[in-house]
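Report on the structure given below.
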Amino acid sequence: MSQPSVIIATASYDYTIRFWEAQSASCYRAINCPAVHVNKLEISPDKRYLAAACNPYIRLFDINSHHGHVRTFVGHTSNVMAVGFHADGNSMYSGSEDGTVRIWDLSVTPINTVVLHPNQIELISGDQDGIIRVWDTRMNSCTIELVPEPDTAIRSLSVMRDGTMLAAANDGGTCFIWNILRESQVITKFEPIHKLQAHDRQILKCVLSPDSKYLATASSDKTVKIWNVDSFTLDKVLTGHQRWVWDCAFSVDAKFILTASSDMTARLWSMEEGNELRVYRGHNKAIVCCALNDV
């Protein structure tokens, strides 16, 4: 999303935040904030973030991202009436009806996803700035850093069961795949093997199947796509959800996949046929995660 030279934003009791084109006065983007009253808006000096003072928290939005919401700052106990940014963009201040003024550190980047490598020694994290890091739990230090697409949040990571491959999905709808090279069981290098433009909208979850044959990508475009790992060609598209698909999980034999969606349903699919086998209903709001263990 290209950034306009002039940014105009408004918030309303209709529970939306809207961005406006300065010359035409047309709304080019709206962010839904259900049941949230916004008391104050502030744009960061670099025009990257919009802070919304709410009750009793602050929401931070990425102005240039389709995903939008970046972080929620919790600490005040009543209406937040004032919010602003330090000139260097590394901190934010706020004032509330609870009688306190707070300073918030923005230099700490939110972590969106973490997976444990099968060696049980290293953790791999993906953050909001688009950085992937490998952490050695024995030394409590970062040993490798990857930036596949700068300033595009890493939303999900998956490691192949034998520890030889890493998949990373981001807000741009892209999935990056690397071979993992090791010495003495420790990761030494990532060898890029494929860049997959899997969806036109953000990928919310990517999962490598237990049999190492498939990669599943769940997206805000309401679909889950199944890709062949050997060629990274599209095998099938699972369609049926009516809203964002947030999560998915394979059965241990990779014959089935479970999905969770904002349409308030979880669904079980046949991997062989690609058809829907079961629909699980009962939640009265969005289902944002799921888990499956059939060992």
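Residue numbers start at 1 in each chain; chains themselves are named A, B, ... in the order of the structure tokens; ligands are numbered from 1 in the order shown.
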
What lies within 6 Å of Gly130 (chain A) using only C-alpha atoms, ignoring chain neighbours under 3 positions off, as a CSV table (one decimal) with N, CA and C atoms, in the first residue's frame?
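Writing done, so here's out_22.csv:
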```csv
chain,number,residue,atom,x,y,z
A,127,ASP,N,8.8,-11.7,13.7
A,127,ASP,CA,8.3,-10.5,14.3
A,127,ASP,C,7.5,-9.5,13.4
A,150,PRO,N,11.7,-6.7,4.1
A,150,PRO,CA,11.7,-5.7,5.1
A,150,PRO,C,10.4,-5.1,5.4
A,151,ASP,N,10.0,-4.8,6.6
A,151,ASP,CA,8.9,-4.1,7.1
A,151,ASP,C,7.5,-4.8,6.7
A,152,THR,N,7.6,-6.1,6.4
A,152,THR,CA,6.4,-6.9,6.2
A,152,THR,C,6.3,-8.0,7.2
A,153,ALA,N,5.4,-7.9,8.1
A,153,ALA,CA,5.3,-8.7,9.3
A,153,ALA,C,5.3,-10.2,9.0
A,154,ILE,N,6.1,-11.0,9.7
A,154,ILE,CA,6.1,-12.4,9.6
A,154,ILE,C,4.9,-12.9,10.5
```

Query - Residues of region 216-270 of chain A in strand (DSSP E or B), written as a PyMOL selection string - result: chain A and resi 216-219+224-228+234-238+245-250+256-261+265-270

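Computed from the coordinates, the CA of Ile257 (chain A) to CA of Leu123 (chain A) distance equals 25.0 Å.
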
Requested in this report: Using only C-alpha atoms, find the one residue out of A:Leu181, A:Cys175, A:Cys27, A:Met160 that sits nearest to Asp200 (chain A).
Outcome: A:Cys175

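Residues with any atom within 7 Å of region 203-219 of chain A, counting only C-alpha atoms and excluding same-chain neighbours fewer than 5 positions away, are Arg155, Ser156, Leu157, Ser158, Val159, Met160, Arg161, Ala169, Asn170, Asp171, Gly173, Val224, Lys225, Ile226, Trp227, Asn228, Val229, Trp244, Val245, Trp246, Asp247, Cys248, Phe250, Val252, Asp253 and Ala254 of chain A.
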
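Nearest residue to Gly84 (chain A), choosing from A:Arg48, A:Lys40, A:His69, A:Arg267 and counting only C-alpha atoms: A:Lys40.
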
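Nearest-residue note for Ser24 (chain A): choosing from A:Ile8, A:Val74, A:Leu196, A:Ala286, the minimum distance belongs to A:Ile8, counting only C-alpha atoms.
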
Query - CA of Pro45 (chain A) to CA of Met92 (chain A), distance in Å rounded to a single decimal - result: 11.2 Å

For Val38 (chain A), list every protein, DNA or RNA residue within 12 Å, evaluated using only C-alpha atoms, and leave out those in the same chain fewer than 2 positions away; present the list as a PDB file with C-alpha atoms, in the first residue's frame.
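What follows is the written file out08.pdb:
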```pdb
ATOM      1  CA  ALA A   9      -7.707  10.038   9.812  1.00  0.00           C
ATOM      2  CA  THR A  10     -10.957  10.250  11.757  1.00  0.00           C
ATOM      3  CA  ALA A  11     -12.615   8.110  14.422  1.00  0.00           C
ATOM      4  CA  SER A  12     -16.333   7.904  15.106  1.00  0.00           C
ATOM      5  CA  TYR A  13     -18.874   6.447  17.491  1.00  0.00           C
ATOM      6  CA  ASP A  14     -19.812   4.193  14.561  1.00  0.00           C
ATOM      7  CA  TYR A  15     -16.811   2.098  15.715  1.00  0.00           C
ATOM      8  CA  THR A  16     -14.671   2.807  12.651  1.00  0.00           C
ATOM      9  CA  ILE A  17     -11.447   4.653  11.925  1.00  0.00           C
ATOM     10  CA  ARG A  18     -11.340   6.097   8.413  1.00  0.00           C
ATOM     11  CA  ASN A  32     -13.493  -1.647  12.083  1.00  0.00           C
ATOM     12  CA  CYS A  33     -13.141  -1.345  15.859  1.00  0.00           C
ATOM     13  CA  PRO A  34     -16.202  -3.160  17.254  1.00  0.00           C
ATOM     14  CA  ALA A  35     -17.486  -1.790  20.565  1.00  0.00           C
ATOM     15  CA  VAL A  36     -14.469   0.516  20.907  1.00  0.00           C
ATOM     16  CA  LYS A  40      -7.890  10.657  20.511  1.00  0.00           C
ATOM     17  CA  LEU A  41      -5.904   9.873  17.337  1.00  0.00           C
ATOM     18  CA  GLU A  42      -2.252  10.645  16.716  1.00  0.00           C
ATOM     19  CA  LEU A  50      -1.622   5.647  14.002  1.00  0.00           C
ATOM     20  CA  ALA A  51      -2.274   5.574  17.753  1.00  0.00           C
ATOM     21  CA  ALA A  52      -5.857   5.402  18.985  1.00  0.00           C
ATOM     22  CA  ALA A  53      -6.587   6.266  22.621  1.00  0.00           C
ATOM     23  CA  CYS A  54      -9.462   4.069  23.786  1.00  0.00           C
ATOM     24  CA  ASN A  55     -10.995   2.831  27.041  1.00  0.00           C
ATOM     25  CA  PRO A  56      -8.863   1.723  28.845  1.00  0.00           C
ATOM     26  CA  TYR A  57      -6.112   0.897  26.353  1.00  0.00           C
ATOM     27  CA  ILE A  58      -4.253   2.234  23.314  1.00  0.00           C
ATOM     28  CA  ARG A  59      -4.328   0.573  19.931  1.00  0.00           C
ATOM     29  CA  LEU A  60      -1.470   1.030  17.469  1.00  0.00           C
ATOM     30  CA  ASN A  79     -10.482   6.208  29.580  1.00  0.00           C
ATOM     31  CA  VAL A  80      -7.268   7.178  27.777  1.00  0.00           C
ATOM     32  CA  MET A  81      -7.788  10.800  26.779  1.00  0.00           C
ATOM     33  CA  ALA A  82      -4.363  11.812  25.449  1.00  0.00           C
ATOM     34  CA  VAL A  83      -1.734  10.064  23.333  1.00  0.00           C
TER      35      VAL A  83
END
```

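The space separating CA of Gly126 (chain A) from CA of Ile7 (chain A) comes to 29.2 Å.
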
Report task. Pick out the residues sitting within 7 Å of Val134 (chain A), and hand them over as a ChimeraX atom specification; count only C-alpha atoms, and ignore anything fewer than 5 positions along from it in its own chain. Result -> /A:122-125,142-145

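Nearest residue to Pro110 (chain A), choosing from A:Thr72, A:Thr137, A:Thr188, A:Asn39 and counting only C-alpha atoms: A:Thr72.
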
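Checking A:Leu258, A:Ile177, A:Ile31, A:Val288 one by one against Thr164 (chain A), counting only C-alpha atoms, you find the shortest gap at A:Ile177.
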
Query - Selection near Lys285 (chain A), 7 Å with only C-alpha atoms, sequence-local residues under 2 positions removed, as a ChimeraX atom specification - result: /A:264,283,287

Okay, now the selection with N, CA, C and O atoms, as a PDB file, in the first residue's frame?
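Once everything was written out, this is out_33.pdb:
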```
ATOM      1  N   MET A 264     -17.132 -18.198  12.599  1.00  0.00           N
ATOM      2  CA  MET A 264     -17.608 -18.879  13.808  1.00  0.00           C
ATOM      3  C   MET A 264     -17.669 -20.393  13.655  1.00  0.00           C
ATOM      4  O   MET A 264     -18.338 -21.080  14.427  1.00  0.00           O
ATOM      5  N   HIS A 283     -19.507 -21.724  18.778  1.00  0.00           N
ATOM      6  CA  HIS A 283     -19.014 -20.403  19.171  1.00  0.00           C
ATOM      7  C   HIS A 283     -19.936 -19.327  18.611  1.00  0.00           C
ATOM      8  O   HIS A 283     -20.515 -19.480  17.530  1.00  0.00           O
ATOM      9  N   ILE A 287     -13.696 -17.715  15.496  1.00  0.00           N
ATOM     10  CA  ILE A 287     -12.759 -18.739  15.977  1.00  0.00           C
ATOM     11  C   ILE A 287     -11.392 -18.385  15.385  1.00  0.00           C
ATOM     12  O   ILE A 287     -11.241 -18.351  14.168  1.00  0.00           O
TER      13      ILE A 287
END
```
